[in-house]
Every structure is written in structure tokens, then in C-alpha cells.
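Colleague: See upload.tsv below, with TSV, C-alpha atoms.
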```tsv
chain	number	residue	atom	x	y	z
A	26	MET	CA	152.95	109.50	75.41
A	27	GLN	CA	150.04	110.42	73.21
A	28	ASN	CA	149.04	113.99	72.74
A	29	THR	CA	145.44	113.24	73.62
A	30	VAL	CA	146.16	113.53	77.33
A	31	LYS	CA	143.72	115.95	78.84
A	32	ASN	CA	144.87	118.52	81.34
A	33	PRO	CA	142.59	117.72	84.27
A	34	ARG	CA	142.98	121.28	85.53
A	35	LYS	CA	141.04	122.44	82.50
A	36	ALA	CA	138.30	119.89	83.02
A	37	SER	CA	134.92	121.44	82.38
A	38	ASN	CA	133.30	118.78	84.47
A	39	PHE	CA	134.50	117.40	87.78
A	40	LEU	CA	133.85	113.87	86.52
A	41	HIS	CA	137.00	114.32	84.45
A	42	TRP	CA	138.93	114.10	87.71
A	43	PHE	CA	138.04	110.44	87.80
A	44	ASP	CA	138.82	109.75	84.15
A	45	PHE	CA	141.62	107.24	84.34
A	46	THR	CA	141.72	106.46	80.61
A	47	ASP	CA	144.82	108.67	80.37
A	48	ALA	CA	145.82	107.96	83.90
A	49	ASP	CA	149.33	108.72	84.95
A	50	LEU	CA	150.99	109.65	88.19
A	51	GLY	CA	150.21	113.34	87.74
A	52	THR	CA	146.51	112.61	87.32
A	53	PHE	CA	146.56	110.48	90.43
A	54	ALA	CA	148.36	113.21	92.38
A	55	PHE	CA	145.86	115.79	91.13
A	56	ILE	CA	142.83	113.72	92.13
A	57	MET	CA	144.32	112.84	95.50
A	58	ASN	CA	145.08	116.50	96.19
A	59	ARG	CA	141.50	117.50	95.39
A	60	ILE	CA	139.81	114.81	97.44
A	61	ALA	CA	142.09	115.33	100.46
A	62	GLY	CA	141.73	119.10	100.12
A	63	ILE	CA	137.94	119.02	100.07
A	64	GLY	CA	137.94	116.67	103.05
A	65	LEU	CA	140.27	118.96	104.98
A	66	VAL	CA	138.12	122.02	104.28
A	67	VAL	CA	135.06	120.18	105.62
A	68	TYR	CA	137.06	119.08	108.66
A	69	LEU	CA	138.41	122.59	109.29
A	70	PHE	CA	134.94	124.08	109.57
A	71	LEU	CA	133.58	121.19	111.66
A	72	HIS	CA	136.62	121.56	113.90
A	73	LEU	CA	136.06	125.31	114.37
A	74	ILE	CA	132.35	124.78	115.10
A	75	VAL	CA	132.96	121.96	117.56
A	76	LEU	CA	135.57	124.00	119.44
A	77	SER	CA	132.84	126.49	120.36
A	78	GLN	CA	132.42	124.04	123.28
A	79	LEU	CA	135.52	125.74	124.71
A	80	ALA	CA	133.48	128.92	125.18
A	81	GLN	CA	130.89	126.94	127.22
A	82	GLY	CA	133.36	126.16	129.96
A	83	ALA	CA	135.23	123.19	131.36
A	84	SER	CA	132.38	120.71	131.84
A	85	ALA	CA	131.02	121.18	128.31
A	86	TYR	CA	134.46	120.81	126.74
A	87	ASN	CA	135.57	117.90	128.89
A	88	SER	CA	132.38	115.95	128.17
A	89	PHE	CA	132.92	116.57	124.47
A	90	ILE	CA	136.51	115.31	124.79
A	91	ALA	CA	135.18	112.12	126.38
A	92	LEU	CA	133.02	111.63	123.29
A	93	ALA	CA	136.02	112.38	121.08
A	94	HIS	CA	137.86	109.42	122.57
A	95	SER	CA	135.31	107.05	121.03
A	96	PRO	CA	136.66	104.78	118.27
A	97	LEU	CA	134.61	106.51	115.56
A	98	PHE	CA	136.11	109.93	116.40
A	99	VAL	CA	139.63	108.54	116.62
A	100	ALA	CA	139.20	106.83	113.24
A	101	GLY	CA	137.95	110.12	111.78
A	102	GLU	CA	140.91	112.00	113.22
A	103	PHE	CA	143.26	109.41	111.78
A	104	VAL	CA	141.77	110.00	108.32
A	105	VAL	CA	142.32	113.74	108.84
A	106	VAL	CA	145.96	113.23	109.81
A	107	ALA	CA	146.49	110.99	106.77
A	108	GLY	CA	144.85	113.64	104.57
A	109	VAL	CA	147.09	116.35	106.01
A	110	LEU	CA	150.24	114.33	105.29
A	111	LEU	CA	149.20	113.35	101.75
A	112	HIS	CA	147.91	116.81	100.79
A	113	GLY	CA	150.68	118.66	102.59
A	114	LEU	CA	153.62	116.68	101.25
A	115	ASN	CA	152.19	116.60	97.71
A	116	GLY	CA	151.59	120.33	98.13
A	117	LEU	CA	155.28	120.86	98.83
A	118	ARG	CA	156.02	119.23	95.46
A	119	ILE	CA	153.50	121.52	93.77
A	120	ALA	CA	155.01	124.58	95.48
A	121	LEU	CA	158.55	123.61	94.43
A	122	THR	CA	157.70	122.73	90.83
A	123	SER	CA	155.49	125.82	90.49
A	124	LEU	CA	158.59	127.86	91.27
A	125	GLY	CA	160.52	125.86	88.68
A	126	ILE	CA	162.40	123.78	91.24
A	127	GLY	CA	162.75	120.04	90.71
A	128	VAL	CA	160.49	119.86	87.66
A	129	PRO	CA	162.58	117.19	85.86
A	130	ILE	CA	162.60	114.94	88.94
A	131	GLN	CA	159.07	115.57	90.12
A	132	LYS	CA	157.87	111.98	89.71
A	133	GLY	CA	160.65	110.83	92.01
A	134	LEU	CA	159.94	113.78	94.28
A	135	PHE	CA	156.28	112.79	94.44
A	136	LEU	CA	157.03	109.14	95.18
A	137	GLY	CA	159.63	110.08	97.81
A	138	LEU	CA	157.26	112.50	99.54
A	139	MET	CA	154.46	109.93	99.47
A	140	ALA	CA	156.82	107.40	101.04
A	141	ILE	CA	157.40	109.92	103.85
A	142	ALA	CA	153.62	110.37	104.13
A	143	VAL	CA	153.12	106.61	104.45
A	144	VAL	CA	155.75	106.40	107.19
A	145	GLY	CA	154.07	109.29	109.02
A	146	ILE	CA	150.64	107.67	108.63
A	147	ILE	CA	151.98	104.41	110.08
A	148	ILE	CA	153.52	106.27	113.04
A	149	PHE	CA	150.21	107.99	113.77
A	150	ALA	CA	148.29	104.71	113.31
A	151	ILE	CA	150.50	103.05	115.92
A	152	LYS	CA	150.17	106.06	118.22
A	153	MET	CA	146.39	106.35	117.85
A	154	PHE	CA	145.36	102.69	117.69
A	155	GLY	CA	148.29	100.78	119.12
A	156	GLY	CA	148.30	102.20	122.64
A	157	ALA	CA	146.90	100.26	125.54
B	11	MET	CA	153.17	115.90	85.21
B	12	VAL	CA	153.16	119.56	84.40
B	13	SER	CA	154.01	122.43	86.69
B	14	VAL	CA	151.08	124.39	87.96
B	15	GLY	CA	150.53	128.09	87.57
B	16	PRO	CA	147.65	130.49	87.93
B	17	LYS	CA	144.51	129.44	86.08
B	18	PRO	CA	141.91	131.59	84.30
B	19	HIS	CA	140.19	133.90	86.82
B	20	GLU	CA	142.99	133.23	89.25
B	21	ASN	CA	144.98	136.37	89.78
B	22	THR	CA	148.71	135.69	90.07
B	23	TRP	CA	148.86	137.19	93.55
B	24	LEU	CA	146.05	134.95	94.80
B	25	TRP	CA	147.81	131.96	93.28
B	26	LEU	CA	151.07	132.96	95.00
B	27	LEU	CA	149.17	133.53	98.26
B	28	LYS	CA	147.72	130.01	97.99
B	29	LEU	CA	151.21	128.63	97.49
B	30	VAL	CA	152.80	130.58	100.36
B	31	THR	CA	149.94	129.92	102.79
B	32	GLY	CA	150.07	126.25	101.81
B	33	VAL	CA	153.71	125.95	102.82
B	34	LEU	CA	153.04	127.85	106.07
B	35	VAL	CA	149.96	125.74	106.85
B	36	PHE	CA	151.98	122.58	106.48
B	37	THR	CA	154.62	123.82	108.90
B	38	LEU	CA	152.12	125.11	111.46
B	39	ILE	CA	149.77	122.13	111.20
B	40	LEU	CA	152.58	119.72	112.06
B	41	ILE	CA	153.19	121.70	115.27
B	42	HIS	CA	149.43	121.82	115.91
B	43	ILE	CA	148.95	118.06	115.43
B	44	VAL	CA	152.06	117.06	117.37
B	45	VAL	CA	151.05	119.23	120.34
B	46	ASN	CA	147.49	117.89	120.31
B	47	HIS	CA	148.23	114.21	119.72
B	48	LEU	CA	151.77	113.36	120.64
B	49	VAL	CA	152.58	115.81	123.46
B	50	ALA	CA	149.25	115.94	125.32
B	51	VAL	CA	149.27	113.02	127.73
B	52	SER	CA	145.65	112.05	127.19
B	53	GLY	CA	145.96	112.27	123.41
B	54	LEU	CA	143.65	115.26	123.49
B	55	LEU	CA	143.98	118.33	125.65
B	56	THR	CA	141.65	118.83	128.59
B	57	TYR	CA	139.94	122.17	129.08
B	58	ALA	CA	142.50	123.19	131.70
B	59	GLY	CA	145.20	121.94	129.34
B	60	VAL	CA	143.88	124.11	126.50
B	61	VAL	CA	143.81	127.17	128.78
B	62	ALA	CA	147.34	126.48	130.00
B	63	TYR	CA	148.61	125.82	126.47
B	64	LEU	CA	147.11	128.98	124.95
B	65	SER	CA	148.20	131.10	127.91
B	66	GLN	CA	151.88	130.44	127.21
B	67	PRO	CA	153.75	133.38	125.68
B	68	GLY	CA	153.67	133.25	121.91
B	69	ILE	CA	151.29	130.29	121.64
B	70	ALA	CA	148.15	132.38	121.20
B	71	LEU	CA	149.96	134.35	118.49
B	72	LEU	CA	151.12	131.11	116.85
B	73	GLU	CA	147.63	129.58	116.89
B	74	SER	CA	146.01	132.85	115.74
B	75	THR	CA	148.45	133.02	112.82
B	76	PHE	CA	147.71	129.38	112.02
B	77	LEU	CA	143.95	130.07	112.12
B	78	ILE	CA	144.18	132.95	109.65
B	79	ILE	CA	146.56	131.18	107.27
B	80	VAL	CA	144.65	127.90	107.25
B	81	VAL	CA	141.30	129.62	106.61
B	82	VAL	CA	142.80	131.64	103.75
B	83	HIS	CA	144.39	128.54	102.22
B	84	ALA	CA	141.22	126.46	102.59
B	85	LEU	CA	139.09	129.07	100.84
B	86	LEU	CA	141.63	129.77	98.08
B	87	GLY	CA	141.86	126.01	97.50
B	88	THR	CA	138.08	125.64	97.37
B	89	ARG	CA	137.98	128.58	94.95
B	90	SER	CA	140.53	126.81	92.73
B	91	ILE	CA	138.34	123.74	92.60
B	92	VAL	CA	135.32	125.85	91.69
B	93	LEU	CA	137.36	127.49	88.90
B	94	ASP	CA	137.99	124.03	87.42
B	95	LEU	CA	134.26	123.78	86.79
B	96	ASN	CA	134.51	126.76	84.40
B	97	PRO	CA	132.01	129.06	86.12
B	98	SER	CA	130.95	132.31	84.49
B	99	SER	CA	132.58	135.54	85.64
B	100	ALA	CA	129.36	136.53	87.39
B	101	VAL	CA	129.34	133.30	89.37
B	102	VAL	CA	133.01	133.79	90.30
B	103	ARG	CA	132.29	137.33	91.52
B	104	GLY	CA	129.36	136.14	93.61
B	105	LEU	CA	131.35	133.26	95.09
B	106	ASP	CA	134.23	135.59	95.92
B	107	TRP	CA	131.84	137.51	98.17
B	108	VAL	CA	130.65	134.27	99.74
B	109	PHE	CA	134.22	133.07	100.32
B	110	GLY	CA	135.22	136.47	101.69
B	111	ILE	CA	132.34	136.57	104.16
B	112	ILE	CA	132.84	132.96	105.28
B	113	GLY	CA	136.58	133.55	105.70
B	114	ALA	CA	136.16	136.79	107.64
B	115	ALA	CA	133.51	135.21	109.88
B	116	ALA	CA	135.65	132.14	110.57
B	117	ILE	CA	138.71	134.25	111.43
B	118	VAL	CA	136.78	136.67	113.67
B	119	TYR	CA	135.08	133.75	115.43
B	120	GLY	CA	138.36	131.86	115.91
B	121	LEU	CA	140.19	134.90	117.28
B	122	TRP	CA	137.25	135.58	119.61
B	123	LEU	CA	137.36	131.97	120.83
B	124	ILE	CA	141.09	132.19	121.54
B	125	GLN	CA	140.53	135.37	123.56
B	126	VAL	CA	137.71	133.75	125.55
B	127	ILE	CA	139.95	130.80	126.40
B	128	ILE	CA	142.92	132.94	127.39
B	129	HIS	CA	140.78	135.08	129.68
B	130	SER	CA	139.08	132.09	131.25
B	131	ASN	CA	139.71	132.17	135.01
B	132	VAL	CA	139.98	128.40	135.23
B	133	THR	CA	143.40	127.25	136.37
B	134	GLY	CA	145.12	123.92	136.83
```
Please re-express this file's structure in C-alpha cells.
Modeller:
Amino acid sequence: MQNTVKNPRKASNFLHWFDFTDADLGTFAFIMNRIAGIGLVVYLFLHLIVLSQLAQGASAYNSFIALAHSPLFVAGEFVVVAGVLLHGLNGLRIALTSLGIGVPIQKGLFLGLMAIAVVGIIIFAIKMFGGA
Amino acid sequence: MVSVGPKPHENTWLWLLKLVTGVLVFTLILIHIVVNHLVAVSGLLTYAGVVAYLSQPGIALLESTFLIIVVVHALLGTRSIVLDLNPSSAVVRGLDWVFGIIGAAAIVYGLWLIQVIIHSNVTG
């Protein structure tokens, strides 16, 4: 490993997130965590705004729910669920290693957690798209 | 990979809060998603279903806790990303006000919404 590897956390420019010249698993995990995190923040606020329909009463909310059953909404929700699993499980690795737990095995930890994420994503895909 | 600690401008307590809220968010969001997608028969709760769900003992407290924790984590995470762009201290101070106001508004609004739903007189 060369010593020229940049620490992406010290990047002065967000474009460095996408600099794969020194790419390794940690860089990939870092970029994935950022992209999923930003997406989830956007979703969180859209979700809170949309739920204001609940204050408008049953007919407003139920007609919104009908719209939310459209394929575009379901696909969007699936992306959110996938983002939650990827960001959340990778986040558990970050929490553990930040506390000094599992640092020597963190690549394996990352790959294992991502395998769990993939299984979870497949289960939700079947649930959300596979049903009659 | 390197382990991650607080970064410049990131107070150790805020960093720890991000870590702790992150773990809590993950736990609570799994409950939240499972209830909304795997338990609810229609895949999404109906209005009456939302009222019934939130009216159960402990559920409003659970969802209120989730609301507060997830908003705090989302804003601390966004702040971390902004810090990666090496902003000046003045910019960080200004953004901290913006994040604080957005967070407080989102939490107050969410708690208000939960109260409105619980006190809805719609049944069944």
C-alpha cells in the first residue's frame, strides 16, 4: 500500500469522494455511506412533509395512499429501504470500529454486513414486487 | 480502512451523539419499516390503521422517540458532510443555527402531527 492514499474524510472538495485512483474497500464504504446518507436525509424530510396529509383527515390520507401504491412510489420506497440497510449496517461497522472494536477484521465485518444487507434487500424486493 | 473519530469542528460529544443516535435509529427504523411494510396487510397503513397503531400504549412514545433521534442523526450526518468541505468557522456557526432551527421545527411539527392523529375521533 502506497503512502499516497488520501484520507477522503479530509477531502477539501467533494469530488474527491469519487476519486477511485486510490480506491479500496474503505473508500467505497465511505462513498456509499455518504450517498445513501444524503438520500435518506432528503427522504426523511419529504416523508415528514407528505405525512401532513394525516392532519387533513381520512379522505386526504387514503387518497394519498392510493397514489403511493403506484409503481413509481413503490420503486422509490424500495430504494429507501435498500439505502437504510446499506447505510445502517455499514454504520454499525463504523460505530464498532470507532469504539475500537473489530478494527483488525473490519474488511470482513464490512463484507459480512453488506451480505446481510443484500439478503435483506432481496427479501424486501420479493415482498414489494413479487406479490400478486 | 481507518477507524473514524471526531473531525475538526466536530465536538467529541456531537460525534458520540451521532454514533449513539445512529445505532438507535437503525434499531427503531427496522421496527418502523417492518410495521409499515410487512405487518400492515395492505403494505401501507390506512388512515384508520395509523390512528389505531399510534393509539396503542407505548407506540406514540416509540414513534416520538424515533422522530427525535432520526432528525438529530440526519442533521448531525449532514453537518459531518458539510465539514468535509472545509468550511470556515463563520460558515459552520451559521449552519449550526440553520441545522438547529430545521431540527427543532421538524421535531415540533412531527410531535404535533402525532398528537393530532392520536386525538382524531375516527375509529375502525
Colleague: Which value, in Å to one decimal, gives the distance between atom CA of Val126 of chain B and atom CA of Ser77 of chain A?
Modeller: 10.2 Å
Colleague: Padding 8 Å on each side, edges along x, y and z: where is the centre of the box around the listed atoms of segment 125-128 of chain B, and how long are its edges in Å to one decimal? Output it as JSON.
Modeller:
```
{"center_x": 140.3, "center_y": 133.1, "center_z": 125.5, "size_x": 21.2, "size_y": 20.6, "size_z": 19.8}
```
Colleague: Of the candidates B:Val108, B:Ile117, B:Ala58, B:Leu64, which one gets nearest to Val80 of chain B if we count all atoms listed in the file?
Modeller: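 Once distances to Val80 of chain B are computed over all atoms listed in the file, the minimum belongs to B:Ile117.
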Colleague: Do you have the atom CA of Ile41 of chain B-atom CA of Ala70 of chain B distance handy?
Modeller: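 Going from atom CA of Ile41 of chain B over to atom CA of Ala70 of chain B covers 13.2 Å.
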Colleague: Give me the residues within 12 Å of Ile60 of chain A as a ChimeraX atom specification, counting only C-alpha atoms and dropping any in the same chain fewer than 3 places off.
Modeller: /A:39,42-43,53-57,63-67,105,108-109,111-112 /B:87-88,91
Colleague: Atom CA of Glu20 of chain B and atom CA of Leu73 of chain A, how far apart in Å?
Modeller: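 Interatomic distance here is 27.2 Å.
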Colleague: Is there a way to get, as JSON, numbers by chain, all residues within 10 Å of the point (146.7, 134.7, 117.3) in file coordinates, counting all atoms listed in the file?
Modeller: {"B": [64, 68, 69, 70, 71, 72, 73, 74, 75, 76, 77, 78, 117, 120, 121, 122, 124, 125]}
Colleague: Of the residues B:Val60, B:Ile79, B:Ala84, B:Leu38, which is the one nearest to chain A, using only C-alpha atoms?
Modeller: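 Answer, going by the shortest atom-to-atom distance: B:Ala84.
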Colleague: Could you check which of A:Val104, A:Met153, A:Arg118, A:Ala83 is closest to Ile130 of chain A, using all atoms listed in the file?
Modeller: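 Of A:Val104, A:Met153, A:Arg118, A:Ala83, the one nearest Ile130 of chain A, counting all atoms listed in the file, is A:Arg118.
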Colleague: Determine, counting all atoms listed in the file, which protein, DNA and RNA residues have an atom within 12 Å of an atom of Tyr86 of chain A; residues of the same chain fewer than 2 positions away are not included. Present the result as number ranges by chain.
Modeller: A: 75-84, 88-93; B: 54-61, 127
Colleague: From the options B:Leu86, B:Val118, B:Ile112, B:Leu95, which residue's atoms come nearest to Trp25 of chain B, counting only C-alpha atoms?
Modeller: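 Answer, going by the shortest atom-to-atom distance: B:Leu86.
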Colleague: Return the single residue from A:Ser95, A:Thr52, A:Asn115, A:Asn87 that is closest to Phe36 of chain B, with distances computed using only C-alpha atoms.
Modeller: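 With only C-alpha atoms as the atom set, the closest residue is A:Asn115.
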Colleague: Can you pull out the residues contacting Gly32 of chain B? Cut-off 8 Å, using all atoms listed in the file, and skip same-chain residues under 3 positions away; I want them as a PyMOL selection string.
Modeller: (chain A and resi 113+116) or (chain B and resi 28-29+35-36+80+83)
Colleague: Which of these, A:Thr122, A:Gly133, A:Ile74, A:Ile146, has the shortest distance to chain B once you count all atoms listed in the file?
Modeller: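 Answer, going by the shortest atom-to-atom distance: A:Thr122.
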